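Worksheet: the structure to be examined is printed underneath.
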Amino acid sequence: MYKNLYLEKVGKDAKNAVSDLSKLDEKKRNIVLKQFCIYLKIYSNLILKANKKDVLKAKKNKSASYERLKLNKEKIYQIRQSVIEIIKLKSSVGKILSSWKRPNGLVIKKLSIPIGVIGVIYESRPNVTSDVSALCFKSGNSVILRGGSEAFHSNKILSDLFRKALKKKNCNPNSVQFIKNKDKSNVDYLLSQMVKYIDIIIPRGGKNLIKKVRSKSKIQTIGHLEGICHVYINADANLNMAIEVVKNAKMRNFNICGAAETLLIDKKCLKTHCKPILNELSKLGCKIIGDQIIRKFYSKKIKTAKLKDWKTEYLSPKISIKSVNGVEDAIEHINEYGTFHTDAIVTNNKKVAKKFLSNINSSIAIHNASTQFADGGEFGFGAEVGISTEKLHPRGPVGLDQLTTYKYILEGKGHIRK
């Protein structure tokens, strides 16, 4: 592959910025973030003007991402609030996570450190530019942003304002870099030829984007492919609670990765719980797909669930419903068809809840609450770079603390090994 001089420079600048970031204390980083908040307020009309270009293009192309793209005064306020929450958080960078002394007197310390250069490839939502930039900067990482072309002008103005804040406070502006060249070949180059510059790639977007990143990247990735999330209604579930949790988990926002895609109802409570829950979903315009047993307990005509439905992330007002024979059957189904994202149980039986939470393989396991709490902001992280379903670090919402790694420091007094 040809040498992309533009991206090579971006990579070198990002690497150099990490060194400069290591010289900044947390107070200085917060000063920069406060300045960024000021610019978000001062230049809000400029942001809206840039966003309008993206929105008009999306309307012209009849893009489904129109609503996710659109900014207004309220959304800009929310973006600022996310940055303010990040400012309030205590960074774990440079902290002694643990330490111990060996019998020979050698002292070993485990120290948290930044990851280094983080590449983020994402789609649609302009707030990602702000959230990711703030999280990476505060955690001592430099970031290379490659947003989707559909939000180009919105992403550019937000990254420009962050760089403006960096310059204002005499910090290296290359701590945050936005790839302004829209050529799609840049993504391939970023993934396959930037190993010496980028430490981690984080994809944030739809299934196709994440699949492409995972298949082409020679750099380690953090993220999730699909969010096939489940809610299991146990026999000891309070009916009103079950109704509210299911409604929220599916219909609050059905096109996010934390939306419930499959509902499991215990056979022991089908008579009391099935019809009321499904009626409420139906009232909200949710299309129901059920197995043969569910169809017997629900009078309205519904489509019969097939094997592919248990493997489908709908991201639409549609849900597959299966009857299960107890908590073991629910766990087995989730571990077979789930994607290690987020799964919930509704029950008043603490023993059953403990068994469920302990045995499902999900990165986020929930008791008596909606799956839509699978979000960094809801976890108190201020914001998130994304959700990770990886088995190794990090798992779940990737926030400030998750953007760190660690190293061991050994302190001796002339120790030599025998």
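In the structure tokens, the first chain shown is A, the next is B, and so on; residue numbers restart at 1 for each chain, and ligands run from 1 in the order shown.
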Proximity of range 7-96 of chain A to range 122-134 of chain A: per-residue shortest pair, 8 Å limit, only C-alpha atoms, as a tab-separated table:
residue	atom	partner	partner_atom	distance
A:Leu33	CA	A:Ala134	CA	6.8
A:Ser65	CA	A:Ser124	CA	6.3
A:Arg68	CA	A:Arg125	CA	5.5
A:Leu69	CA	A:Arg125	CA	5.4
A:Ile79	CA	A:Asn127	CA	6.1
A:Ser82	CA	A:Asp131	CA	7.0
A:Val83	CA	A:Ala134	CA	6.5
A:Ile86	CA	A:Ala134	CA	7.3
Any idea what's packed within 9 Å of range 37-46 of chain A, counting only C-alpha atoms, ignoring anything in its chain fewer than 6 positions away? Could you give it as a PDB file with N, CA and C atoms, in the first residue's frame?
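The resulting selection-v8.pdb:
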ATOM      1  N   ASN A  72     -29.296  20.997  18.569  1.00  0.00           N
ATOM      2  CA  ASN A  72     -30.016  22.230  18.896  1.00  0.00           C
ATOM      3  C   ASN A  72     -29.393  22.780  20.181  1.00  0.00           C
ATOM      4  N   LYS A  73     -29.934  23.862  20.676  1.00  0.00           N
ATOM      5  CA  LYS A  73     -29.374  24.501  21.883  1.00  0.00           C
ATOM      6  C   LYS A  73     -29.360  23.542  23.068  1.00  0.00           C
ATOM      7  N   ILE A  76     -26.593  20.923  22.668  1.00  0.00           N
ATOM      8  CA  ILE A  76     -25.276  21.522  22.925  1.00  0.00           C
ATOM      9  C   ILE A  76     -25.081  21.705  24.431  1.00  0.00           C
ATOM     10  N   TYR A  77     -26.152  22.085  25.118  1.00  0.00           N
ATOM     11  CA  TYR A  77     -26.106  22.195  26.581  1.00  0.00           C
ATOM     12  C   TYR A  77     -25.756  20.832  27.200  1.00  0.00           C
ATOM     13  N   ILE A  79     -24.110  18.414  25.769  1.00  0.00           N
ATOM     14  CA  ILE A  79     -22.708  18.131  25.455  1.00  0.00           C
ATOM     15  C   ILE A  79     -21.808  18.816  26.478  1.00  0.00           C
ATOM     16  N   ARG A  80     -22.128  20.062  26.794  1.00  0.00           N
ATOM     17  CA  ARG A  80     -21.359  20.806  27.798  1.00  0.00           C
ATOM     18  C   ARG A  80     -21.446  20.131  29.155  1.00  0.00           C
ATOM     19  N   GLN A  81     -22.647  19.677  29.509  1.00  0.00           N
ATOM     20  CA  GLN A  81     -22.834  19.026  30.809  1.00  0.00           C
ATOM     21  C   GLN A  81     -22.016  17.747  30.915  1.00  0.00           C
ATOM     22  N   VAL A  83     -19.133  17.218  29.527  1.00  0.00           N
ATOM     23  CA  VAL A  83     -17.745  17.642  29.763  1.00  0.00           C
ATOM     24  C   VAL A  83     -17.576  18.086  31.215  1.00  0.00           C
ATOM     25  N   ILE A  84     -18.568  18.790  31.741  1.00  0.00           N
ATOM     26  CA  ILE A  84     -18.526  19.245  33.140  1.00  0.00           C
ATOM     27  C   ILE A  84     -18.459  18.048  34.086  1.00  0.00           C
ATOM     28  N   ILE A 157     -16.126  21.175  13.553  1.00  0.00           N
ATOM     29  CA  ILE A 157     -16.211  22.379  14.374  1.00  0.00           C
ATOM     30  C   ILE A 157     -15.972  22.047  15.848  1.00  0.00           C
ATOM     31  N   LEU A 158     -16.489  20.901  16.300  1.00  0.00           N
ATOM     32  CA  LEU A 158     -16.297  20.517  17.700  1.00  0.00           C
ATOM     33  C   LEU A 158     -14.833  20.181  17.994  1.00  0.00           C
ATOM     34  N   LEU A 161     -12.810  23.390  18.058  1.00  0.00           N
ATOM     35  CA  LEU A 161     -12.987  24.149  19.302  1.00  0.00           C
ATOM     36  C   LEU A 161     -12.170  23.531  20.439  1.00  0.00           C
ATOM     37  N   PHE A 162     -12.068  22.199  20.438  1.00  0.00           N
ATOM     38  CA  PHE A 162     -11.245  21.553  21.470  1.00  0.00           C
ATOM     39  C   PHE A 162      -9.781  21.923  21.264  1.00  0.00           C
ATOM     40  N   LYS A 164      -8.723  24.571  19.828  1.00  0.00           N
ATOM     41  CA  LYS A 164      -8.614  25.991  20.153  1.00  0.00           C
ATOM     42  C   LYS A 164      -8.411  26.177  21.669  1.00  0.00           C
ATOM     43  N   ALA A 165      -9.134  25.371  22.444  1.00  0.00           N
ATOM     44  CA  ALA A 165      -8.988  25.418  23.912  1.00  0.00           C
ATOM     45  C   ALA A 165      -7.594  24.957  24.330  1.00  0.00           C
TER      46      ALA A 165
END
Residue with the minimum atom-to-atom distance to Ile96 in chain A, picked from A:Lys407, A:Lys308, A:Arg417, A:Lys49 with only C-alpha atoms counted, is A:Lys407
Could you pull out all residues of range 51-118 of chain A with a DSSP call of strand (DSSP E) and give them as a PDB file with C-alpha atoms, in the first residue's frame?
ATOM      1  CA  ILE A  96      -0.705   3.237  42.859  1.00  0.00           C
ATOM      2  CA  LEU A  97      -3.341   0.559  42.381  1.00  0.00           C
ATOM      3  CA  SER A  98      -1.626  -1.862  44.736  1.00  0.00           C
ATOM      4  CA  SER A  99       1.771  -2.465  46.284  1.00  0.00           C
ATOM      5  CA  TRP A 100       3.490  -5.169  48.292  1.00  0.00           C
ATOM      6  CA  LYS A 101       6.839  -6.101  49.734  1.00  0.00           C
ATOM      7  CA  VAL A 107       8.962  -3.516  46.758  1.00  0.00           C
ATOM      8  CA  ILE A 108       6.528  -4.011  43.839  1.00  0.00           C
ATOM      9  CA  LYS A 109       3.979  -1.373  42.837  1.00  0.00           C
ATOM     10  CA  LYS A 110       1.198  -1.505  40.265  1.00  0.00           C
ATOM     11  CA  LEU A 111       0.839   1.956  38.671  1.00  0.00           C
ATOM     12  CA  SER A 112      -2.001   3.123  36.419  1.00  0.00           C
ATOM     13  CA  ILE A 113      -0.880   4.790  33.166  1.00  0.00           C
ATOM     14  CA  PRO A 114      -2.537   6.092  29.977  1.00  0.00           C
ATOM     15  CA  VAL A 117      -2.728   6.932  21.221  1.00  0.00           C
ATOM     16  CA  ILE A 118      -6.366   5.991  20.752  1.00  0.00           C
TER      17      ILE A 118
END
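Picture a line from CA of Gly382 in chain A to CA of Ala50 in chain A; it runs 25.3 Å.
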